[in-house]
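Student: Input: one structure, supplied below.
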Amino acid sequence: MPKAPPTTRPLRGFATIPETPGSKYTPQETIRFQEMFLPQTELYRRRQRQAAIAFLGGGGPFLAALLLNSITHLLLDRAPVPQSWFTPLGILCVISIIIGIGLLWATPALKCPACNCSLDERILTHCPECGSDKLHRNIFGNLCCQSCSKDLEHRRNEGRRYRIHACTGCGVMLDYHGL
């Protein structure tokens, strides 16, 4: 990886700017696009964390009480958690799940600052993992990248199985950690 010129400032302490195969942007432009994309990534990650906390915060105590009651009822033939606790815990669980779904719904759409294409919808011409333009379909018809050998297909009921590092429209590297 080449060293960054002294006039550019790599994003978040990176000492080098990795070469992106197929990218048409200079390292200085790539850094500028990364800095423009940074607020989107921070909000995206914050909303994902908040939704996870909401799901676990409300659902966790309810499931723990239910599991504790089930195990102790089977082993000791008595319930350590009073039945009167299940109604408030159940209400807390439903409210937290609604809040978590709302937070996931309010997660912003990721837009490339270079070409303004949507990053979290469908893959256009470049690999979201490495930014390469060497995409092909394998013998099963799944979209794959020849550069990083990543299977880029969405699985039913699983969502995407890859991280977004680069724009799928223009190939510019936007986030080294991945979304």
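Residue numbering restarts at 1 for every chain of the structure tokens, chains are lettered A, B, ... in their displayed order, and ligands are numbered from 1 as they appear.
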Apply DSSP to the backbone of this structure and, from range 18-62 of chain A, keep only the residues in helix (DSSP H, G or I); write these as a ChimeraX atom specification.

Tutor: /A:27-62

Student: Which residues come within 9 Å of Gln34 in chain A, counting only C-alpha atoms, excluding same-chain residues fewer than 3 positions away, as a list in words?

Tutor: Leu11, Glu29, Thr30, Ile31, Phe37, Leu38, Pro113, Val172, Met173, Leu174 and Asp175 of chain A

Student: What is the CA of Phe62 in chain A to CA of Leu89 in chain A distance in Å?

Tutor: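 Spanning CA of Phe62 in chain A to CA of Leu89 in chain A is a straight-line distance of 5.3 Å.
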
Student: My list of candidates is A:Thr168, A:Arg32, A:Tyr44, A:Ala54. Which is closest to Asn116 in chain A when distances are computed with only C-alpha atoms?

Tutor: A:Thr168
